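*Asks:* What follows is work.cif, made up of mmCIF, C-alpha atoms and all ligand atoms:
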```
data_data
loop_
_atom_site.label_atom_id
_atom_site.label_comp_id
_atom_site.auth_asym_id
_atom_site.auth_seq_id
_atom_site.Cartn_x
_atom_site.Cartn_y
_atom_site.Cartn_z
CA MET T 805 -4.69 1.81 -4.68
CA ARG T 806 -1.01 0.97 -4.87
CA LYS T 807 1.16 3.74 -3.47
CA ILE T 808 4.14 4.66 -5.57
CA LYS T 809 7.44 4.51 -3.72
CA ALA T 810 9.43 7.71 -3.63
CA ALA T 811 12.57 9.16 -2.08
CA VAL T 812 13.04 12.74 -0.94
CA PHE T 813 16.49 14.30 -1.33
CA ALA T 814 17.12 17.21 1.05
CA SER T 815 19.99 19.06 2.70
CA GLY T 816 18.36 21.37 5.23
CA THR T 817 15.33 22.01 7.37
CA GLY T 818 12.89 19.69 5.65
CA SER T 819 9.67 21.68 5.88
CA ASN T 820 8.70 20.42 2.40
CA PHE T 821 9.53 16.87 3.43
CA GLU T 822 7.27 17.37 6.45
CA ALA T 823 4.46 18.75 4.29
CA MET T 824 4.58 15.61 2.14
CA MET T 825 4.56 13.37 5.20
CA ASN T 826 1.55 15.23 6.62
CA ASP T 827 -0.46 15.02 3.42
CA GLU T 828 -2.83 12.09 3.76
CA ASN T 829 -3.69 12.30 0.08
CA LEU T 830 -0.14 12.02 -1.22
CA ALA T 831 -0.11 9.41 -3.98
CA CYS T 832 3.34 8.24 -2.89
CA GLU T 833 4.84 6.50 0.04
CA ILE T 834 8.06 8.25 1.03
CA VAL T 835 10.30 5.29 1.77
CA LEU T 836 13.64 7.07 1.99
CA LEU T 837 15.28 10.38 2.81
CA VAL T 838 18.63 10.96 1.13
CA CYS T 839 20.65 13.72 2.78
CA ASP T 840 24.10 15.03 1.87
CA LYS T 841 24.53 17.05 5.09
CA PRO T 842 25.21 14.97 8.18
CA GLY T 843 23.47 16.73 11.09
CA ALA T 844 20.78 18.44 8.99
CA THR T 845 17.41 18.99 10.72
CA VAL T 846 15.59 17.04 8.00
CA ILE T 847 17.26 13.86 9.28
CA ASP T 848 15.59 14.29 12.70
CA LYS T 849 12.28 14.86 10.95
CA ALA T 850 12.66 11.65 8.94
CA ASN T 851 13.44 9.77 12.15
CA GLN T 852 10.31 11.19 13.78
CA TYR T 853 8.20 9.93 10.91
CA GLY T 854 9.99 6.58 10.84
CA VAL T 855 11.33 7.14 7.33
CA GLN T 856 14.60 5.39 6.52
CA THR T 857 17.50 7.78 6.04
CA PHE T 858 20.61 7.53 3.91
CA VAL T 859 23.08 10.21 4.93
CA LEU T 860 26.25 10.66 2.92
CA ASN T 861 29.08 13.12 2.97
CA PRO T 862 30.08 13.90 -0.62
CA ARG T 863 33.63 14.55 0.62
CA ASP T 864 33.98 10.83 1.26
CA TYR T 865 33.79 10.15 -2.48
CA ASP T 866 36.37 10.89 -5.16
CA THR T 867 33.81 11.55 -7.88
CA LYS T 868 30.17 12.47 -8.24
CA GLN T 869 29.67 9.23 -10.11
CA GLU T 870 30.88 7.21 -7.11
CA TYR T 871 28.71 9.26 -4.77
CA GLU T 872 25.61 8.87 -6.89
CA SER T 873 26.24 5.18 -7.61
CA ASN T 874 26.13 4.62 -3.89
CA ILE T 875 22.76 6.39 -3.69
CA LEU T 876 21.53 4.40 -6.67
CA ILE T 877 22.18 1.10 -4.92
CA THR T 878 20.02 2.18 -1.97
CA VAL T 879 17.14 3.67 -3.97
CA ARG T 880 17.01 0.54 -6.13
CA GLU T 881 17.06 -1.73 -3.10
CA LEU T 882 14.01 0.10 -1.80
CA GLU T 883 12.32 0.03 -5.23
CA VAL T 884 12.10 3.81 -5.35
CA GLU T 885 10.23 4.97 -8.48
CA TRP T 886 10.32 8.74 -8.09
CA ILE T 887 12.76 11.23 -6.57
CA PHE T 888 11.59 14.55 -5.14
CA LEU T 889 14.24 17.17 -4.43
CA ALA T 890 13.30 19.45 -1.56
CA GLY T 891 16.13 21.81 -0.73
CA TYR T 892 18.81 19.40 -1.97
CA MET T 893 21.77 21.71 -2.50
CA ARG T 894 23.55 19.69 -5.16
CA LEU T 895 23.25 19.22 -8.91
CA ILE T 896 22.04 15.80 -10.00
CA GLY T 897 24.58 14.05 -12.23
CA PRO T 898 24.23 11.66 -15.16
CA THR T 899 24.25 8.54 -12.98
CA LEU T 900 20.94 9.40 -11.29
CA LEU T 901 19.49 11.32 -14.24
CA GLU T 902 19.84 8.35 -16.56
CA ALA T 903 18.49 5.88 -14.00
CA TYR T 904 15.49 8.08 -13.17
CA GLU T 905 14.86 9.83 -16.47
CA GLY T 906 11.70 11.95 -16.23
CA ARG T 907 11.15 10.87 -12.65
CA ILE T 908 13.06 13.52 -10.69
CA ILE T 909 11.36 16.79 -9.78
CA ASN T 910 12.40 19.83 -7.78
CA ILE T 911 10.79 22.79 -6.07
CA HIS T 912 12.41 26.21 -6.25
CA PRO T 913 11.43 29.46 -4.49
CA SER T 914 11.22 31.77 -7.52
CA LEU T 915 9.41 32.08 -10.82
CA LEU T 916 12.02 30.31 -12.94
CA PRO T 917 13.84 31.10 -15.16
CA ASN T 918 14.24 34.09 -12.84
CA PHE T 919 16.64 33.69 -9.94
CA PRO T 920 17.92 30.13 -10.25
CA GLY T 921 20.46 28.82 -7.74
CA LYS T 922 21.05 29.83 -4.16
CA ASP T 923 19.24 32.60 -2.27
CA ALA T 924 16.43 33.01 -4.79
CA ILE T 925 14.31 34.87 -2.22
CA GLY T 926 17.06 37.36 -1.36
CA GLN T 927 17.79 37.85 -5.06
CA ALA T 928 14.14 38.75 -5.76
CA ILE T 929 14.05 41.27 -2.90
CA ARG T 930 17.35 42.89 -3.92
CA ALA T 931 16.13 43.15 -7.52
CA ALA T 932 13.11 45.10 -6.15
CA CYS T 933 10.65 42.72 -7.80
CA LYS T 934 6.99 43.18 -6.97
CA THR T 935 6.24 39.54 -7.55
CA THR T 936 8.11 36.31 -7.14
CA GLY T 937 6.82 32.79 -6.59
CA VAL T 938 7.37 29.08 -6.57
CA THR T 939 8.23 26.69 -9.40
CA VAL T 940 8.03 22.91 -9.58
CA HIS T 941 10.02 21.49 -12.47
CA TYR T 942 11.56 18.34 -13.89
CA VAL T 943 15.24 18.05 -13.13
CA ASP T 944 17.90 18.04 -15.83
CA GLU T 945 21.67 18.49 -15.62
CA GLY T 946 21.46 22.28 -15.18
CA MET T 947 20.88 24.46 -12.15
CA ASP T 948 17.05 24.78 -11.86
CA THR T 949 16.69 24.56 -15.64
CA GLY T 950 14.44 21.58 -16.37
CA PRO T 951 10.96 21.79 -17.93
CA ILE T 952 8.51 23.68 -15.74
CA ILE T 953 5.46 21.78 -14.48
CA ALA T 954 3.72 24.40 -12.32
CA GLN T 955 4.25 27.89 -10.96
CA LYS T 956 2.47 30.04 -8.40
CA LYS T 957 2.96 33.75 -7.89
CA VAL T 958 3.67 35.37 -4.53
CA GLU T 959 3.45 39.12 -4.11
CA ILE T 960 6.40 40.96 -2.55
CA PHE T 961 5.25 43.71 -0.17
CA PRO T 962 7.30 46.90 0.27
CA ASN T 963 8.02 46.08 3.91
CA ASP T 964 8.91 42.42 3.29
CA THR T 965 12.11 41.01 4.74
CA GLU T 966 13.64 37.77 3.52
CA GLU T 967 12.08 36.06 6.52
CA THR T 968 8.51 37.33 5.98
CA LEU T 969 8.65 36.59 2.27
CA LYS T 970 10.18 33.16 2.87
CA SER T 971 7.37 32.20 5.21
CA ARG T 972 4.70 33.16 2.63
CA ILE T 973 6.61 31.35 -0.12
CA GLN T 974 6.96 28.22 1.99
CA GLU T 975 3.27 28.19 2.79
CA ILE T 976 2.63 28.05 -0.96
CA GLU T 977 5.34 25.41 -1.44
CA HIS T 978 3.85 23.09 1.17
CA ALA T 979 0.51 23.04 -0.65
CA LEU T 980 1.82 23.12 -4.22
CA TYR T 981 4.47 20.40 -4.07
CA PRO T 982 2.17 17.55 -2.93
CA GLU T 983 -0.46 18.70 -5.43
CA VAL T 984 2.00 18.64 -8.34
CA ILE T 985 3.50 15.34 -7.20
CA ASN T 986 0.05 13.73 -7.32
CA MET T 987 -0.54 15.17 -10.76
CA VAL T 988 2.71 14.05 -12.42
CA VAL T 989 2.90 10.68 -10.73
CA GLY T 990 -0.72 9.98 -11.68
CA LEU T 991 -0.12 10.99 -15.30
CA VAL T 992 2.86 8.74 -15.79
CA GLU T 993 1.19 5.79 -14.09
CA LEU T 994 -1.87 6.22 -16.34
CA GLU T 995 0.34 6.20 -19.44
CA GLU T 996 1.88 2.94 -18.30
CA VAL T 997 -1.41 1.08 -17.82
C1 LIG Z 1001 12.60 25.48 -0.30
O1 LIG Z 1001 12.32 26.85 -0.29
C2 LIG Z 1001 12.77 24.99 -1.70
O2 LIG Z 1001 12.03 25.72 -2.64
C3 LIG Z 1001 14.24 25.19 -1.96
O3 LIG Z 1001 14.86 24.92 -0.73
C4 LIG Z 1001 13.96 25.19 0.32
C5 LIG Z 1001 13.93 24.00 1.21
O4 LIG Z 1001 13.21 24.24 2.38
N1 LIG Z 1001 14.70 24.37 -3.04
P1 LIG Z 1001 12.87 23.05 3.37
O5 LIG Z 1001 14.18 22.37 3.75
O6 LIG Z 1001 11.92 22.14 2.68
O7 LIG Z 1001 12.26 23.72 4.57
#
```
Once more with this new file: its structure as structure tokens, please.
*Replies:*
Amino acid sequence: MRKIKAAVFASGTGSNFEAMMNDENLACEIVLLVCDKPGATVIDKANQYGVQTFVLNPRDYDTKQEYESNILITVRELEVEWIFLAGYMRLIGPTLLEAYEGRIINIHPSLLPNFPGKDAIGQAIRAACKTTGVTVHYVDEGMDTGPIIAQKKVEIFPNDTEETLKSRIQEIEHALYPEVINMVVGLVELEEV
């Protein structure tokens, strides 16, 4: 079966990127890592897996449009069909949203619409929630606001720290994200047959 070409956008550690790379059943070939943080650990991971990287510093661009147009040239060159955000700490602007309408998804460590934005895990602990979770959603112009595709609950224990909770949440993320990717990519491809 033809593997769909995809790019991962990430800014940090890249454990979700790694989970995709390690999933033999992933319906996509990850052909590119786009990273907006020169020096981020995810870049080393991409190099280990032999995945092409495109590292940019947004400060080198006057506008978001210029920055994203530069990314667009590269993703188009590589015939990227889907974009998966995995800890990409930047809002996606109209340039990429219009080019990849309905083909950008994100994973977020909370049960959206609760706790969007940064430090979702810390926010859930400080709010004394008993449950939080993971959400995979389509990306729109807002901060973690696009249509929700899948969610999974994670219990918060009374003695949880941000670290212990994060490790349980990430375990769920690493299984859920590839599963949801296969589902949405498969659905769209079926519609197009
Ligand atoms: C994940 O928890 C994801 O939900 C959030 O950013 C984190 C990225 O982690 N959007 P990693 O870089 O994949 O380890």
*Asks:* Between T:Met947, T:Gln927, T:Gly937, T:Ile952, which is the closest to Glu975 (chain T) once you count all atoms listed in the file?
*Replies:*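 Of the candidates, the smallest distance to Glu975 (chain T) is held by T:Gly937.
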*Asks:* Around all of ligand LIG 1001 (chain Z)'s listed atoms, make the axis-aligned box with 6 Å on each side and tell me centre and edge lengths in Å to one decimal, as AutoDock Vina command-line options.
*Replies:*
```
--center_x 13.4 --center_y 24.5 --center_z 0.8 --size_x 14.9 --size_y 16.7 --size_z 19.6
```
*Asks:* Compare T:Met824, T:Ile834, T:Ile808, T:Val855 by their minimum atom-to-atom distance to ligand LIG 1001 (chain Z), counting only C-alpha atoms and all ligand atoms, and give me the closest one.
*Replies:* T:Met824
*Asks:* From the options T:Gly946, T:Gly906, T:Gly816, T:Gly921, which residue's atoms come nearest to ligand LIG 1001 (chain Z), counting all atoms listed in the file?
*Replies:*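 Once distances to ligand LIG 1001 (chain Z) are computed over all atoms listed in the file, the minimum belongs to T:Gly816.
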*Asks:* Could you please extract the residues within 7 Å of ligand LIG 1001 (chain Z), counting all atoms listed in the file, and hand them back as a short mmCIF file (atom, residue, chain, number, x, y, z; two decimals) with C-alpha atoms, keeping the file's coordinate frame?
*Replies:*
```
data_model
loop_
_atom_site.label_atom_id
_atom_site.label_comp_id
_atom_site.auth_asym_id
_atom_site.auth_seq_id
_atom_site.Cartn_x
_atom_site.Cartn_y
_atom_site.Cartn_z
CA ALA T 814 17.12 17.21 1.05
CA SER T 815 19.99 19.06 2.70
CA GLY T 816 18.36 21.37 5.23
CA THR T 817 15.33 22.01 7.37
CA GLY T 818 12.89 19.69 5.65
CA SER T 819 9.67 21.68 5.88
CA ASN T 820 8.70 20.42 2.40
CA PHE T 821 9.53 16.87 3.43
CA VAL T 846 15.59 17.04 8.00
CA ALA T 890 13.30 19.45 -1.56
CA GLY T 891 16.13 21.81 -0.73
CA TYR T 892 18.81 19.40 -1.97
CA ASN T 910 12.40 19.83 -7.78
CA ILE T 911 10.79 22.79 -6.07
CA HIS T 912 12.41 26.21 -6.25
CA PRO T 913 11.43 29.46 -4.49
CA VAL T 938 7.37 29.08 -6.57
CA GLN T 974 6.96 28.22 1.99
CA GLU T 977 5.34 25.41 -1.44
#
```
*Asks:* Which value, in Å to one decimal, gives the distance between CA of Glu905 (chain T) and CA of Glu883 (chain T)?
*Replies:*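 Between CA of Glu905 (chain T) and CA of Glu883 (chain T) the gap is 15.1 Å.
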*Asks:* For a quick check of understanding, using all atoms listed in the file, which of T:Val958, T:Ile887, T:Val988, T:Ile875 has the smallest distance to Asn861 (chain T)?
*Replies:* T:Ile875
*Asks:* For CA of Val859 (chain T) and CA of Ala823 (chain T), quote the distance in Å rounded to one decimal.
*Replies:*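 Result for CA of Val859 (chain T) versus CA of Ala823 (chain T): 20.5 Å, one decimal.
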*Asks:* Taking (2.6, 24.5, -7.6) in the file's coordinates, which residues come within 7 Å, counting all atoms listed in the file, written as a PyMOL selection string?
*Replies:* chain T and resi 938-940+954-956+977+980-981+983-984
*Asks:* Just the number, please: distance in Å from CA of Asp948 (chain T) to CA of Ile896 (chain T), one decimal.
*Replies:* 10.4 Å
*Asks:* Restricting the calculation to all atoms listed in the file: of T:Phe919, T:Tyr853, T:Trp886, T:Phe813, which residue gets closest to Arg907 (chain T)?
*Replies:*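 Closest candidate: T:Trp886.
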*Asks:* From the list T:Leu991, T:Tyr871, T:Ile985, T:Glu959, which residue is nearest Asp827 (chain T) when using all atoms listed in the file?
*Replies:*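 Result for the nearest residue to Asp827 (chain T): T:Ile985.
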*Asks:* Extract, using only C-alpha atoms, all DNA, RNA and protein residues at most 12 Å from Gly926 (chain T), discarding same-chain residues fewer than 2 positions from it, and format them as a PDB file with C-alpha atoms, keeping the file's coordinate frame.
*Replies:*
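Okay, this is what ended up in out06.pdb:
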```pdb
ATOM      1  CA  PRO T 913      11.430  29.460  -4.490  1.00  0.00           C
ATOM      2  CA  SER T 914      11.220  31.770  -7.520  1.00  0.00           C
ATOM      3  CA  PHE T 919      16.640  33.690  -9.940  1.00  0.00           C
ATOM      4  CA  PRO T 920      17.920  30.130 -10.250  1.00  0.00           C
ATOM      5  CA  GLY T 921      20.460  28.820  -7.740  1.00  0.00           C
ATOM      6  CA  LYS T 922      21.050  29.830  -4.160  1.00  0.00           C
ATOM      7  CA  ASP T 923      19.240  32.600  -2.270  1.00  0.00           C
ATOM      8  CA  ALA T 924      16.430  33.010  -4.790  1.00  0.00           C
ATOM      9  CA  ALA T 928      14.140  38.750  -5.760  1.00  0.00           C
ATOM     10  CA  ILE T 929      14.050  41.270  -2.900  1.00  0.00           C
ATOM     11  CA  ARG T 930      17.350  42.890  -3.920  1.00  0.00           C
ATOM     12  CA  ALA T 931      16.130  43.150  -7.520  1.00  0.00           C
ATOM     13  CA  ALA T 932      13.110  45.100  -6.150  1.00  0.00           C
ATOM     14  CA  CYS T 933      10.650  42.720  -7.800  1.00  0.00           C
ATOM     15  CA  THR T 936       8.110  36.310  -7.140  1.00  0.00           C
ATOM     16  CA  ILE T 960       6.400  40.960  -2.550  1.00  0.00           C
ATOM     17  CA  ASP T 964       8.910  42.420   3.290  1.00  0.00           C
ATOM     18  CA  THR T 965      12.110  41.010   4.740  1.00  0.00           C
ATOM     19  CA  GLU T 966      13.640  37.770   3.520  1.00  0.00           C
ATOM     20  CA  GLU T 967      12.080  36.060   6.520  1.00  0.00           C
ATOM     21  CA  THR T 968       8.510  37.330   5.980  1.00  0.00           C
ATOM     22  CA  LEU T 969       8.650  36.590   2.270  1.00  0.00           C
ATOM     23  CA  LYS T 970      10.180  33.160   2.870  1.00  0.00           C
TER      24      LYS T 970
END
```
*Asks:* Show which residues sit within 9 Å of Ser873 (chain T), as a list in words. Count all atoms listed in the file, and ignore same-chain residues fewer than 5 positions away.
*Replies:* Lys868, Thr878, Thr899 and Leu900 of chain T
*Asks:* Given the point (14.7, 3.5, 2.0) in the coordinates of this file, which residues lie within 6 Å, counting all atoms listed in the file, and how would they look as a PDB file with C-alpha atoms, keeping the file's coordinate frame?
*Replies:*
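New file point_0.pdb:
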```
ATOM      1  CA  VAL T 835      10.300   5.290   1.770  1.00  0.00           C
ATOM      2  CA  LEU T 836      13.640   7.070   1.990  1.00  0.00           C
ATOM      3  CA  GLN T 856      14.600   5.390   6.520  1.00  0.00           C
ATOM      4  CA  LEU T 882      14.010   0.100  -1.800  1.00  0.00           C
TER       5      LEU T 882
END
```
